[in-house]
file data_10.tsv (TSV, C-alpha atoms and all ligand atoms)
chain	number	residue	atom	x	y	z
A	1	MET	CA	-129.96	-53.57	-191.27
A	2	ILE	CA	-129.82	-53.00	-195.03
A	3	LEU	CA	-132.01	-50.37	-196.68
A	4	VAL	CA	-133.04	-51.27	-200.24
A	5	THR	CA	-134.32	-48.58	-202.61
A	6	GLY	CA	-136.10	-49.48	-205.85
A	7	ALA	CA	-137.28	-52.59	-204.00
A	8	THR	CA	-140.36	-53.04	-206.22
A	9	GLY	CA	-138.23	-53.06	-209.38
A	10	THR	CA	-136.67	-55.90	-211.34
A	11	VAL	CA	-133.26	-55.65	-209.68
A	12	GLY	CA	-134.35	-54.32	-206.29
A	13	ARG	CA	-136.87	-57.12	-205.79
A	14	GLN	CA	-134.08	-59.65	-206.39
A	15	VAL	CA	-131.79	-57.83	-203.98
A	16	VAL	CA	-134.47	-58.04	-201.27
A	17	GLU	CA	-135.12	-61.74	-201.88
A	18	GLN	CA	-131.44	-62.64	-201.88
A	19	LEU	CA	-130.73	-60.63	-198.72
A	20	VAL	CA	-133.65	-62.33	-196.97
A	21	ALA	CA	-132.34	-65.72	-198.14
A	22	ALA	CA	-128.97	-64.76	-196.61
A	23	ASP	CA	-130.73	-63.98	-193.28
A	24	GLN	CA	-129.98	-60.26	-193.51
A	25	PRO	CA	-132.48	-57.84	-191.95
A	26	VAL	CA	-133.97	-55.70	-194.71
A	27	ARG	CA	-135.84	-52.40	-194.77
A	28	ALA	CA	-137.43	-51.64	-198.17
A	29	ALA	CA	-138.09	-48.01	-199.09
A	30	VAL	CA	-140.87	-47.81	-201.68
A	31	ARG	CA	-142.87	-44.93	-203.06
A	32	ASP	CA	-146.22	-46.60	-202.41
A	33	PRO	CA	-146.09	-49.03	-199.47
A	34	ASP	CA	-149.82	-49.80	-199.82
A	35	HIS	CA	-149.21	-51.43	-203.18
A	36	ALA	CA	-145.88	-53.13	-202.56
A	37	SER	CA	-145.66	-56.75	-201.47
A	38	MET	CA	-142.44	-57.88	-199.85
A	39	PRO	CA	-141.24	-61.20	-198.38
A	40	ASP	CA	-142.13	-61.89	-194.74
A	41	GLY	CA	-139.92	-60.07	-192.26
A	42	VAL	CA	-139.05	-57.17	-194.55
A	43	GLU	CA	-139.78	-53.78	-193.03
A	44	LEU	CA	-141.63	-51.56	-195.49
A	45	VAL	CA	-141.20	-47.77	-195.31
A	46	PRO	CA	-142.29	-44.95	-197.61
A	47	GLY	CA	-139.44	-43.33	-199.51
A	48	ASP	CA	-138.85	-41.32	-202.66
A	49	LEU	CA	-135.30	-40.83	-203.92
A	50	SER	CA	-136.21	-37.34	-205.07
A	51	ASP	CA	-136.97	-36.49	-201.42
A	52	PRO	CA	-133.77	-37.29	-199.47
A	53	VAL	CA	-135.06	-35.45	-196.41
A	54	GLY	CA	-138.09	-37.77	-196.24
A	55	LEU	CA	-135.78	-40.77	-196.51
A	56	ALA	CA	-133.45	-39.63	-193.74
A	57	PRO	CA	-135.43	-41.05	-190.76
A	58	HIS	CA	-135.39	-44.50	-192.38
A	59	LEU	CA	-131.60	-44.52	-192.18
A	60	ASP	CA	-131.72	-44.99	-188.41
A	61	GLY	CA	-129.88	-48.19	-187.53
A	62	VAL	CA	-129.00	-48.84	-191.18
A	63	ASP	CA	-125.54	-50.26	-191.95
A	64	ALA	CA	-125.73	-50.32	-195.75
A	65	VAL	CA	-127.95	-48.99	-198.54
A	66	PHE	CA	-128.70	-50.48	-201.95
A	67	LEU	CA	-129.11	-47.36	-204.02
A	68	LEU	CA	-130.58	-47.55	-207.45
A	69	TRP	CA	-128.81	-45.07	-209.66
A	70	PRO	CA	-131.28	-42.82	-211.36
A	71	PHE	CA	-129.94	-39.26	-211.27
A	72	PRO	CA	-131.56	-38.19	-207.96
A	73	ALA	CA	-129.47	-40.78	-206.14
A	74	VAL	CA	-126.38	-38.64	-206.65
A	75	ASP	CA	-128.12	-35.90	-204.77
A	76	LEU	CA	-129.11	-38.27	-202.02
A	77	VAL	CA	-125.54	-39.39	-201.46
A	78	ARG	CA	-124.39	-35.76	-201.29
A	79	LYS	CA	-127.12	-34.88	-198.80
A	80	LEU	CA	-126.39	-37.86	-196.61
A	81	GLY	CA	-122.85	-36.55	-196.45
A	82	GLY	CA	-120.21	-38.06	-194.24
A	83	PRO	CA	-117.36	-40.34	-195.24
A	84	LEU	CA	-119.47	-43.04	-196.85
A	85	GLU	CA	-117.96	-46.25	-198.12
A	86	TRP	CA	-119.42	-47.23	-201.46
A	87	THR	CA	-119.35	-49.74	-204.29
A	88	HIS	CA	-120.52	-48.73	-207.74
A	89	LEU	CA	-121.72	-51.74	-209.71
A	90	ARG	CA	-121.78	-50.97	-213.42
A	91	PRO	CA	-123.91	-53.50	-215.31
A	92	THR	CA	-123.87	-53.95	-219.07
A	93	GLY	CA	-127.18	-54.25	-220.96
A	94	PHE	CA	-129.98	-55.85	-218.98
A	95	ALA	CA	-131.40	-59.12	-220.38
A	96	LYS	CA	-134.84	-57.71	-219.63
A	97	ASN	CA	-134.31	-55.03	-222.31
A	98	THR	CA	-135.33	-57.71	-224.82
A	99	LEU	CA	-138.87	-57.54	-223.42
A	100	MET	CA	-139.22	-54.57	-225.77
A	101	TRP	CA	-139.80	-57.23	-228.47
A	102	ALA	CA	-142.53	-59.04	-226.52
A	103	ASP	CA	-145.45	-57.35	-228.31
A	104	GLN	CA	-144.03	-58.19	-231.74
A	105	ILE	CA	-143.37	-61.79	-230.71
A	106	ARG	CA	-146.88	-62.21	-229.37
A	107	ALA	CA	-148.22	-60.85	-232.68
A	108	GLY	CA	-146.15	-62.99	-235.08
A	109	ASP	CA	-142.85	-64.66	-235.90
A	110	VAL	CA	-140.95	-61.60	-237.12
A	111	VAL	CA	-139.07	-59.14	-234.94
A	112	ARG	CA	-138.37	-55.95	-236.86
A	113	TRP	CA	-135.59	-54.02	-235.19
A	114	PRO	CA	-132.38	-52.27	-236.28
A	115	TYR	CA	-128.83	-53.60	-236.04
A	116	PRO	CA	-129.28	-57.40	-236.02
A	117	ASP	CA	-125.51	-57.80	-235.65
A	118	ALA	CA	-125.17	-55.58	-232.58
A	119	ALA	CA	-123.72	-57.83	-229.86
A	120	ARG	CA	-124.46	-57.18	-226.18
A	121	SER	CA	-123.26	-58.99	-223.08
A	122	LEU	CA	-126.75	-59.04	-221.55
A	123	ILE	CA	-126.82	-59.64	-217.81
A	124	HIS	CA	-129.49	-61.47	-215.81
A	125	GLU	CA	-131.15	-59.32	-213.14
A	126	ARG	CA	-130.42	-62.03	-210.58
A	127	ASP	CA	-126.68	-61.66	-211.25
A	128	ILE	CA	-126.85	-57.89	-210.82
A	129	ALA	CA	-128.59	-58.44	-207.49
A	130	ALA	CA	-126.15	-61.16	-206.45
A	131	GLY	CA	-123.29	-58.73	-207.03
A	132	ALA	CA	-125.10	-56.07	-205.03
A	133	VAL	CA	-125.70	-58.46	-202.12
A	134	GLN	CA	-121.99	-59.25	-201.92
A	135	ALA	CA	-121.17	-55.54	-202.02
A	136	LEU	CA	-123.67	-54.92	-199.20
A	137	ILE	CA	-122.60	-57.67	-196.83
A	138	ARG	CA	-118.85	-57.93	-197.43
A	139	ASP	CA	-115.99	-55.43	-197.41
A	140	GLU	CA	-113.98	-56.63	-200.41
A	141	LEU	CA	-115.78	-54.39	-202.91
A	142	ILE	CA	-115.54	-51.14	-200.99
A	143	GLY	CA	-114.36	-48.33	-203.27
A	144	LYS	CA	-114.55	-50.54	-206.38
A	145	MET	CA	-116.51	-49.96	-209.60
A	146	PRO	CA	-116.73	-53.38	-211.24
A	147	VAL	CA	-118.31	-53.72	-214.68
A	148	ILE	CA	-120.60	-56.72	-214.34
A	149	SER	CA	-121.80	-58.49	-217.50
A	150	GLY	CA	-123.30	-61.63	-218.90
A	151	PRO	CA	-120.90	-64.43	-219.87
A	152	GLU	CA	-120.79	-63.65	-223.60
A	153	ALA	CA	-121.76	-61.00	-226.12
A	154	ILE	CA	-124.54	-62.20	-228.39
A	155	THR	CA	-126.04	-60.45	-231.39
A	156	GLN	CA	-129.57	-59.13	-231.34
A	157	ALA	CA	-130.45	-61.65	-234.08
A	158	ASP	CA	-129.19	-64.46	-231.84
A	159	GLN	CA	-131.09	-63.02	-228.86
A	160	VAL	CA	-134.29	-63.24	-230.88
A	161	ALA	CA	-133.42	-66.81	-231.92
A	162	ALA	CA	-132.82	-67.74	-228.25
A	163	ILE	CA	-136.21	-66.33	-227.28
A	164	GLY	CA	-137.74	-68.37	-230.13
A	165	THR	CA	-136.11	-71.54	-228.82
A	166	ALA	CA	-137.36	-70.74	-225.31
A	167	ILE	CA	-140.96	-70.39	-226.47
A	168	GLY	CA	-140.79	-73.19	-229.06
A	169	ARG	CA	-141.17	-71.02	-232.15
A	170	GLU	CA	-138.88	-70.08	-235.02
A	171	LEU	CA	-138.55	-66.31	-234.94
A	172	ARG	CA	-137.03	-64.22	-237.72
A	173	TYR	CA	-135.15	-60.94	-237.29
A	174	GLU	CA	-135.86	-58.34	-239.92
A	175	ASP	CA	-133.53	-55.34	-240.11
A	176	MET	CA	-135.31	-52.02	-239.60
A	177	PRO	CA	-133.97	-48.82	-241.20
A	178	ARG	CA	-132.64	-46.30	-238.69
A	179	ASP	CA	-135.29	-43.66	-239.51
A	180	GLU	CA	-138.07	-46.07	-238.75
A	181	ALA	CA	-136.32	-47.22	-235.56
A	182	THR	CA	-135.99	-43.60	-234.42
A	183	ALA	CA	-139.75	-43.12	-234.83
A	184	GLU	CA	-140.39	-46.39	-232.98
A	185	LEU	CA	-138.17	-45.41	-230.03
A	186	MET	CA	-139.74	-41.96	-229.92
A	187	ALA	CA	-143.17	-43.60	-229.70
A	188	MET	CA	-141.91	-45.85	-226.87
A	189	PHE	CA	-139.92	-43.35	-224.82
A	190	GLY	CA	-140.82	-39.90	-226.17
A	191	ASN	CA	-137.20	-38.73	-225.89
A	192	ALA	CA	-135.15	-37.83	-228.98
A	193	ASP	CA	-131.83	-37.85	-227.12
A	194	PHE	CA	-132.50	-41.29	-225.72
A	195	ALA	CA	-133.50	-42.60	-229.16
A	196	ARG	CA	-130.33	-41.25	-230.79
A	197	THR	CA	-128.09	-42.49	-227.99
A	198	ALA	CA	-129.66	-45.96	-228.02
A	199	LEU	CA	-129.28	-46.29	-231.80
A	200	ASP	CA	-125.69	-45.01	-231.73
A	201	THR	CA	-124.91	-47.49	-228.96
A	202	TRP	CA	-126.33	-50.43	-230.93
A	203	ALA	CA	-124.50	-49.26	-234.05
A	204	GLY	CA	-121.26	-49.25	-232.06
A	205	PHE	CA	-121.88	-52.80	-230.84
A	206	VAL	CA	-121.95	-54.01	-234.47
A	207	THR	CA	-118.28	-53.22	-234.92
A	208	GLU	CA	-117.23	-53.63	-231.29
A	209	PRO	CA	-119.31	-55.99	-229.16
A	210	GLU	CA	-120.17	-54.86	-225.65
A	211	ILE	CA	-117.53	-55.62	-223.02
A	212	VAL	CA	-117.61	-59.06	-221.35
A	213	THR	CA	-116.11	-59.37	-217.88
A	214	THR	CA	-115.69	-62.19	-215.38
A	215	ALA	CA	-116.69	-59.92	-212.48
A	216	VAL	CA	-119.95	-61.77	-211.69
A	217	ALA	CA	-118.07	-65.03	-211.16
A	218	GLN	CA	-115.32	-63.33	-209.20
A	219	ILE	CA	-117.76	-61.50	-206.93
A	220	THR	CA	-120.43	-64.14	-206.43
A	221	GLY	CA	-118.46	-67.37	-206.92
A	222	GLU	CA	-121.00	-68.48	-209.56
A	223	PRO	CA	-120.66	-68.04	-213.32
A	224	ALA	CA	-122.86	-65.36	-214.87
A	225	ARG	CA	-126.12	-66.75	-216.26
A	226	ARG	CA	-126.46	-67.10	-220.04
A	227	PHE	CA	-129.04	-65.16	-221.99
A	228	ARG	CA	-130.61	-68.36	-223.28
A	229	ASP	CA	-131.33	-69.40	-219.69
A	230	TRP	CA	-132.84	-66.00	-218.92
A	231	ALA	CA	-135.06	-66.46	-222.00
A	232	VAL	CA	-136.26	-69.88	-220.78
A	233	GLU	CA	-137.07	-68.44	-217.35
A	234	HIS	CA	-138.96	-65.54	-218.94
A	235	ALA	CA	-140.63	-67.52	-221.75
A	236	ASP	CA	-144.10	-66.69	-220.48
A	237	ASP	CA	-143.36	-62.98	-220.75
A	238	PHE	CA	-143.14	-63.44	-224.54
A	239	ARG	CA	-146.15	-65.74	-224.94
A	301	LIG	N1	-128.17	-50.94	-218.57
A	301	LIG	C1	-129.37	-51.32	-218.95
A	301	LIG	O1	-129.55	-51.96	-220.00
A	301	LIG	C2	-130.53	-50.98	-218.09
A	301	LIG	C3	-131.75	-51.56	-218.42
A	301	LIG	C4	-132.84	-51.30	-217.61
A	301	LIG	C5	-132.69	-50.46	-216.50
A	301	LIG	N2	-131.51	-49.90	-216.22
A	301	LIG	C6	-131.34	-49.02	-215.02
A	301	LIG	O2	-131.10	-49.87	-213.90
A	301	LIG	C7	-131.82	-49.45	-212.77
A	301	LIG	C8	-132.65	-50.57	-212.20
A	301	LIG	O3	-133.42	-51.17	-213.20
A	301	LIG	P1	-134.68	-52.05	-212.91
A	301	LIG	O4	-134.85	-52.91	-214.10
A	301	LIG	O5	-134.63	-52.70	-211.57
A	301	LIG	O6	-135.78	-50.91	-212.92
A	301	LIG	P2	-137.36	-51.05	-212.72
A	301	LIG	O7	-137.80	-52.45	-212.73
A	301	LIG	O8	-137.97	-50.09	-213.68
A	301	LIG	O9	-137.55	-50.50	-211.24
A	301	LIG	C9	-137.29	-49.18	-210.92
A	301	LIG	C10	-137.46	-49.04	-209.42
A	301	LIG	O10	-137.10	-47.72	-209.07
A	301	LIG	C11	-138.11	-47.20	-208.25
A	301	LIG	N3	-138.12	-45.76	-208.40
A	301	LIG	C12	-138.22	-45.04	-209.53
A	301	LIG	N4	-138.20	-43.73	-209.24
A	301	LIG	C13	-138.07	-43.64	-207.91
A	301	LIG	C14	-138.01	-42.57	-207.00
A	301	LIG	N5	-138.06	-41.28	-207.39
A	301	LIG	N6	-137.87	-42.85	-205.68
A	301	LIG	C15	-137.83	-44.12	-205.24
A	301	LIG	N7	-137.90	-45.19	-206.05
A	301	LIG	C16	-138.02	-44.93	-207.37
A	301	LIG	C17	-139.39	-47.87	-208.71
A	301	LIG	O11	-140.31	-47.83	-207.67
A	301	LIG	P3	-141.89	-47.67	-207.84
A	301	LIG	O12	-142.47	-49.03	-207.58
A	301	LIG	O13	-142.26	-46.69	-206.82
A	301	LIG	O14	-142.15	-47.18	-209.25
A	301	LIG	C18	-138.88	-49.29	-208.96
A	301	LIG	O15	-138.83	-50.01	-207.77
A	301	LIG	C19	-132.65	-48.25	-213.23
A	301	LIG	O16	-132.01	-47.10	-212.73
A	301	LIG	C20	-132.61	-48.27	-214.73
A	301	LIG	O17	-132.54	-46.98	-215.28
A	301	LIG	C21	-130.41	-50.16	-216.98

call {"tool": "encode", "arguments": {"input": "data_10.tsv", "output": "structure tokens", "more": "lines below"}}
Ligand SMILES: NC(=O)c1ccc[n+]([C@@H]2O[C@H](COP(=O)([O-])OP(=O)(O)OC[C@H]3O[C@@H](n4cnc5c(N)ncnc54)[C@H](OP(=O)(O)O)[C@@H]3O)[C@@H](O)[C@H]2O)c1
result
Amino acid sequence: MILVTGATGTVGRQVVEQLVAADQPVRAAVRDPDHASMPDGVELVPGDLSDPVGLAPHLDGVDAVFLLWPFPAVDLVRKLGGPLEWTHLRPTGFAKNTLMWADQIRAGDVVRWPYPDAARSLIHERDIAAGAVQALIRDELIGKMPVISGPEAITQADQVAAIGTAIGRELRYEDMPRDEATAELMAMFGNADFARTALDTWAGFVTEPEIVTTAVAQITGEPARRFRDWAVEHADDFR
């Protein structure tokens, strides 16, 4: 039995679907079981990562846990105690981060954003999940911390162009001054530290593109999906 946390999320939902496809019994812990739909056969239980005690009974009969890694998860692992075997998958930027441009793209052909030349090795959520499934059902990754990435680092300007191709429109990237971008990120996330860290990270990726690894292919046996394919699959999210 595999317990999946974050099962309603982008990655967790994929983990559940891929485990079911691999005939693995799955128990999904979600904060609101009344509003979560899961594939047939998946056991649904209530669970909040900030309440490890409440989660404990759902560990009965569980062989492995997919643990999303917001900060409370660290606590959970400590409270579970015992000599746990673990794998820590470390993904690069998520392809879905580009959905932050969806409103602008729906409104017109220009995406205003800072650092057009920042290059990220965006990873498809299905590849993150595929790596997690291998970690959950096989032993080879025990104790490892692989950095999993997309197959190439592509600039933000090229990401926008790929989304344009996917939706059949010519989109233009317009550089946004850092001050304006800070205000924009503050409006989106309301967190000054996050805004500064995000902008510093993008600035760094202008001079040194984000790391590209072959870990997805090594772990799953399939090459990592390209961003342009993710954009085609998600075209409707930008329309
Ligand atoms: N490196 C990157 O570029 C990048 C980008 C995006 C995300 N991330 C990180 O990657 C992880 C997974 O991302 P994602 O895209 O799958 O996230 P997501 O779609 O936002 O889903 C988050 C999931 O976590 C669950 N959750 C949140 N707080 C919880 C809590 N206290 N207890 C139990 N469940 C809780 C949510 O459940 P509910 O349905 O109950 O809300 C949801 O299922 C997140 O930790 C996120 O911070 C990284």

call {"tool": "closest_atom_pairs", "arguments": {"input": "data_10.tsv", "of": "chain A", "to": "ligand LIG 301 (chain A)", "cutoff": "9 Å", "atoms": "all atoms listed in the file", "output": "Markdown table"}}
result
| residue | atom | partner | partner_atom | distance |
| --- | --- | --- | --- | --- |
| A:Thr5 | CA | A:LIG301 | N7 | 6.0 |
| A:Gly6 | CA | A:LIG301 | O15 | 3.4 |
| A:Ala7 | CA | A:LIG301 | O15 | 4.8 |
| A:Thr8 | CA | A:LIG301 | O15 | 3.7 |
| A:Gly9 | CA | A:LIG301 | O9 | 3.2 |
| A:Thr10 | CA | A:LIG301 | O5 | 3.8 |
| A:Val11 | CA | A:LIG301 | O5 | 3.8 |
| A:Gly12 | CA | A:LIG301 | O5 | 5.5 |
| A:Arg13 | CA | A:LIG301 | O5 | 7.6 |
| A:Gln14 | CA | A:LIG301 | O5 | 8.7 |
| A:Ala29 | CA | A:LIG301 | C15 | 7.3 |
| A:Val30 | CA | A:LIG301 | O13 | 5.4 |
| A:Arg31 | CA | A:LIG301 | O13 | 4.2 |
| A:Asp32 | CA | A:LIG301 | O13 | 5.9 |
| A:Pro33 | CA | A:LIG301 | O13 | 8.6 |
| A:His35 | CA | A:LIG301 | O12 | 8.4 |
| A:Ala36 | CA | A:LIG301 | O12 | 7.3 |
| A:Pro46 | CA | A:LIG301 | C15 | 8.9 |
| A:Gly47 | CA | A:LIG301 | C15 | 6.0 |
| A:Asp48 | CA | A:LIG301 | N6 | 3.5 |
| A:Leu49 | CA | A:LIG301 | N6 | 3.7 |
| A:Ser50 | CA | A:LIG301 | N5 | 4.9 |
| A:Asp51 | CA | A:LIG301 | N6 | 7.7 |
| A:Leu68 | CA | A:LIG301 | O16 | 5.5 |
| A:Trp69 | CA | A:LIG301 | O16 | 4.9 |
| A:Pro70 | CA | A:LIG301 | O16 | 4.6 |
| A:Phe71 | CA | A:LIG301 | O16 | 8.2 |
| A:Pro72 | CA | A:LIG301 | N5 | 7.2 |
| A:Ala73 | CA | A:LIG301 | N6 | 8.7 |
| A:Arg90 | CA | A:LIG301 | N1 | 8.2 |
| A:Pro91 | CA | A:LIG301 | N1 | 5.9 |
| A:Thr92 | CA | A:LIG301 | N1 | 5.3 |
| A:Gly93 | CA | A:LIG301 | O1 | 3.4 |
| A:Phe94 | CA | A:LIG301 | O1 | 4.0 |
| A:Ala95 | CA | A:LIG301 | O1 | 7.4 |
| A:Lys96 | CA | A:LIG301 | C3 | 7.0 |
| A:Asn97 | CA | A:LIG301 | C3 | 5.8 |
| A:Leu122 | CA | A:LIG301 | O1 | 7.8 |
| A:Ile123 | CA | A:LIG301 | O1 | 8.4 |
| A:Glu125 | CA | A:LIG301 | O4 | 7.5 |

call {"tool": "closest_residue", "arguments": {"input": "data_10.tsv", "among": "A:Val62, A:Ala181, A:Ala119, A:Leu136", "to": "A:Asp158", "atoms": "all atoms listed in the file"}}
result
A:Ala119

call {"tool": "residues_around", "arguments": {"input": "data_10.tsv", "residues": "A:Arg112", "least_positions_apart": "3", "cutoff": "12 Å", "atoms": "only C-alpha atoms", "output": "list in words"}}
result
Met100, Trp101, Ala102, Asp103, Gln104, Ile105, Ala107, Gly108, Asp109, Tyr115, Pro116, Gln156, Ala157, Val160, Leu171, Arg172, Tyr173, Glu174, Asp175, Met176, Pro177, Arg178, Glu180, Ala181 and Glu184 of chain A

call {"tool": "residues_around", "arguments": {"input": "data_10.tsv", "residues": "A:Ala135", "least_positions_apart": "4", "cutoff": "9 Å", "atoms": "all atoms listed in the file", "output": "short mmCIF file (atom, residue, chain, number, x, y, z; two decimals) with C-alpha atoms, in the frame of the given file"}}
result
data_model
loop_
_atom_site.label_atom_id
_atom_site.label_comp_id
_atom_site.auth_asym_id
_atom_site.auth_seq_id
_atom_site.Cartn_x
_atom_site.Cartn_y
_atom_site.Cartn_z
CA TRP A 86 -119.42 -47.23 -201.46
CA THR A 87 -119.35 -49.74 -204.29
CA HIS A 88 -120.52 -48.73 -207.74
CA LEU A 89 -121.72 -51.74 -209.71
CA ALA A 130 -126.15 -61.16 -206.45
CA GLY A 131 -123.29 -58.73 -207.03
CA ASP A 139 -115.99 -55.43 -197.41
CA GLU A 140 -113.98 -56.63 -200.41
CA LEU A 141 -115.78 -54.39 -202.91
CA ILE A 142 -115.54 -51.14 -200.99
CA ILE A 219 -117.76 -61.50 -206.93
#

call {"tool": "residues_around", "arguments": {"input": "data_10.tsv", "residues": "A:Asp40", "least_positions_apart": "2", "cutoff": "12 Å", "atoms": "all atoms listed in the file", "output": "PyMOL selection string"}}
result
chain A and resi 16-17+20-21+23+25-28+37-38+42-44

call {"tool": "residues_around", "arguments": {"input": "data_10.tsv", "residues": "stretch 224-239 of chain A", "least_positions_apart": "6", "cutoff": "6 Å", "atoms": "all atoms listed in the file", "output": "ChimeraX atom specification"}}
result
/A:102,106,150-151,162-163,166-167,216

call {"tool": "write_last_selection", "arguments": {"input": "data_10.tsv", "atoms": "C-alpha atoms", "output": "CSV table (one decimal), in the coordinates of the input"}}
result
chain,number,residue,atom,x,y,z
A,102,ALA,CA,-142.5,-59.0,-226.5
A,106,ARG,CA,-146.9,-62.2,-229.4
A,150,GLY,CA,-123.3,-61.6,-218.9
A,151,PRO,CA,-120.9,-64.4,-219.9
A,162,ALA,CA,-132.8,-67.7,-228.2
A,163,ILE,CA,-136.2,-66.3,-227.3
A,166,ALA,CA,-137.4,-70.7,-225.3
A,167,ILE,CA,-141.0,-70.4,-226.5
A,216,VAL,CA,-120.0,-61.8,-211.7

call {"tool": "atom_distance", "arguments": {"input": "data_10.tsv", "atom1": "atom CA of A:Ala198", "atom2": "atom CA of A:Ala183"}}
result
12.5 Å

call {"tool": "atom_distance", "arguments": {"input": "data_10.tsv", "atom1": "atom CA of A:Ile154", "atom2": "atom CA of A:Arg120"}}
result
5.5 Å

call {"tool": "atom_distance", "arguments": {"input": "data_10.tsv", "atom1": "atom CA of A:Met186", "atom2": "atom CA of A:Trp113"}}
result
13.8 Å

call {"tool": "closest_residue", "arguments": {"input": "data_10.tsv", "among": "A:Gly164, A:Pro209, A:Gly143, A:Gly221", "to": "A:Leu84", "atoms": "all atoms listed in the file"}}
result
A:Gly143

call {"tool": "closest_residue", "arguments": {"input": "data_10.tsv", "among": "A:Phe189, A:Ala118, A:Ala215, A:Glu170", "to": "A:Trp202", "atoms": "only C-alpha atoms"}}
result
A:Ala118

call {"tool": "axis_aligned_box", "arguments": {"input": "data_10.tsv", "around": "stretch 124-137 of chain A", "padding_each_side": "8 Å", "output": "AutoDock Vina command-line options"}}
result
--center_x -126.2 --center_y -58.5 --center_z -206.3 --size_x 26.0 --size_y 23.1 --size_z 35.0

call {"tool": "closest_residue", "arguments": {"input": "data_10.tsv", "among": "A:Asp34, A:Glu210, A:Asp117, A:Glu222", "to": "A:Gln159", "atoms": "only C-alpha atoms"}}
result
A:Asp117

call {"tool": "decode", "arguments": {"input": "data_10.tsv", "residues": "stretch 83-95 of chain A", "atoms": "N, CA, C and O atoms", "output": "PDB file, in the first residue's frame"}}
result
ATOM      1  N   PRO A  83      13.810   4.069  11.649  1.00  0.00           N
ATOM      2  CA  PRO A  83      14.849   4.094  10.601  1.00  0.00           C
ATOM      3  C   PRO A  83      14.211   4.045   9.220  1.00  0.00           C
ATOM      4  O   PRO A  83      14.186   3.009   8.565  1.00  0.00           O
ATOM      5  N   LEU A  84      13.656   5.176   8.797  1.00  0.00           N
ATOM      6  CA  LEU A  84      12.990   5.201   7.497  1.00  0.00           C
ATOM      7  C   LEU A  84      13.992   5.179   6.359  1.00  0.00           C
ATOM      8  O   LEU A  84      15.048   5.784   6.441  1.00  0.00           O
ATOM      9  N   GLU A  85      13.618   4.501   5.283  1.00  0.00           N
ATOM     10  CA  GLU A  85      14.386   4.615   4.043  1.00  0.00           C
ATOM     11  C   GLU A  85      13.710   5.692   3.216  1.00  0.00           C
ATOM     12  O   GLU A  85      12.485   5.771   3.186  1.00  0.00           O
ATOM     13  N   TRP A  86      14.495   6.512   2.531  1.00  0.00           N
ATOM     14  CA  TRP A  86      13.903   7.648   1.833  1.00  0.00           C
ATOM     15  C   TRP A  86      14.610   7.885   0.507  1.00  0.00           C
ATOM     16  O   TRP A  86      15.753   7.458   0.296  1.00  0.00           O
ATOM     17  N   THR A  87      13.906   8.590  -0.374  1.00  0.00           N
ATOM     18  CA  THR A  87      14.508   9.159  -1.579  1.00  0.00           C
ATOM     19  C   THR A  87      14.063  10.606  -1.617  1.00  0.00           C
ATOM     20  O   THR A  87      12.895  10.896  -1.361  1.00  0.00           O
ATOM     21  N   HIS A  88      14.972  11.500  -1.888  1.00  0.00           N
ATOM     22  CA  HIS A  88      14.604  12.910  -1.993  1.00  0.00           C
ATOM     23  C   HIS A  88      14.758  13.332  -3.458  1.00  0.00           C
ATOM     24  O   HIS A  88      15.872  13.501  -3.940  1.00  0.00           O
ATOM     25  N   LEU A  89      13.622  13.453  -4.150  1.00  0.00           N
ATOM     26  CA  LEU A  89      13.672  13.912  -5.538  1.00  0.00           C
ATOM     27  C   LEU A  89      13.739  15.431  -5.538  1.00  0.00           C
ATOM     28  O   LEU A  89      12.912  16.086  -4.913  1.00  0.00           O
ATOM     29  N   ARG A  90      14.703  15.978  -6.255  1.00  0.00           N
ATOM     30  CA  ARG A  90      14.857  17.438  -6.281  1.00  0.00           C
ATOM     31  C   ARG A  90      14.627  17.958  -7.696  1.00  0.00           C
ATOM     32  O   ARG A  90      15.532  17.936  -8.532  1.00  0.00           O
ATOM     33  N   PRO A  91      13.389  18.382  -7.991  1.00  0.00           N
ATOM     34  CA  PRO A  91      13.097  18.859  -9.341  1.00  0.00           C
ATOM     35  C   PRO A  91      13.615  20.280  -9.581  1.00  0.00           C
ATOM     36  O   PRO A  91      13.690  21.076  -8.642  1.00  0.00           O
ATOM     37  N   THR A  92      13.933  20.562 -10.830  1.00  0.00           N
ATOM     38  CA  THR A  92      14.229  21.942 -11.223  1.00  0.00           C
ATOM     39  C   THR A  92      12.891  22.672 -11.382  1.00  0.00           C
ATOM     40  O   THR A  92      11.867  22.202 -10.895  1.00  0.00           O
ATOM     41  N   GLY A  93      12.887  23.804 -12.083  1.00  0.00           N
ATOM     42  CA  GLY A  93      11.650  24.577 -12.234  1.00  0.00           C
ATOM     43  C   GLY A  93      10.547  23.750 -12.874  1.00  0.00           C
ATOM     44  O   GLY A  93      10.790  22.933 -13.760  1.00  0.00           O
ATOM     45  N   PHE A  94       9.334  23.939 -12.374  1.00  0.00           N
ATOM     46  CA  PHE A  94       8.192  23.209 -12.933  1.00  0.00           C
ATOM     47  C   PHE A  94       7.718  23.901 -14.212  1.00  0.00           C
ATOM     48  O   PHE A  94       7.572  25.132 -14.230  1.00  0.00           O
ATOM     49  N   ALA A  95       7.409  23.116 -15.248  1.00  0.00           N
ATOM     50  CA  ALA A  95       6.856  23.698 -16.481  1.00  0.00           C
ATOM     51  C   ALA A  95       5.598  24.503 -16.171  1.00  0.00           C
ATOM     52  O   ALA A  95       5.337  25.544 -16.780  1.00  0.00           O
TER      53      ALA A  95
END
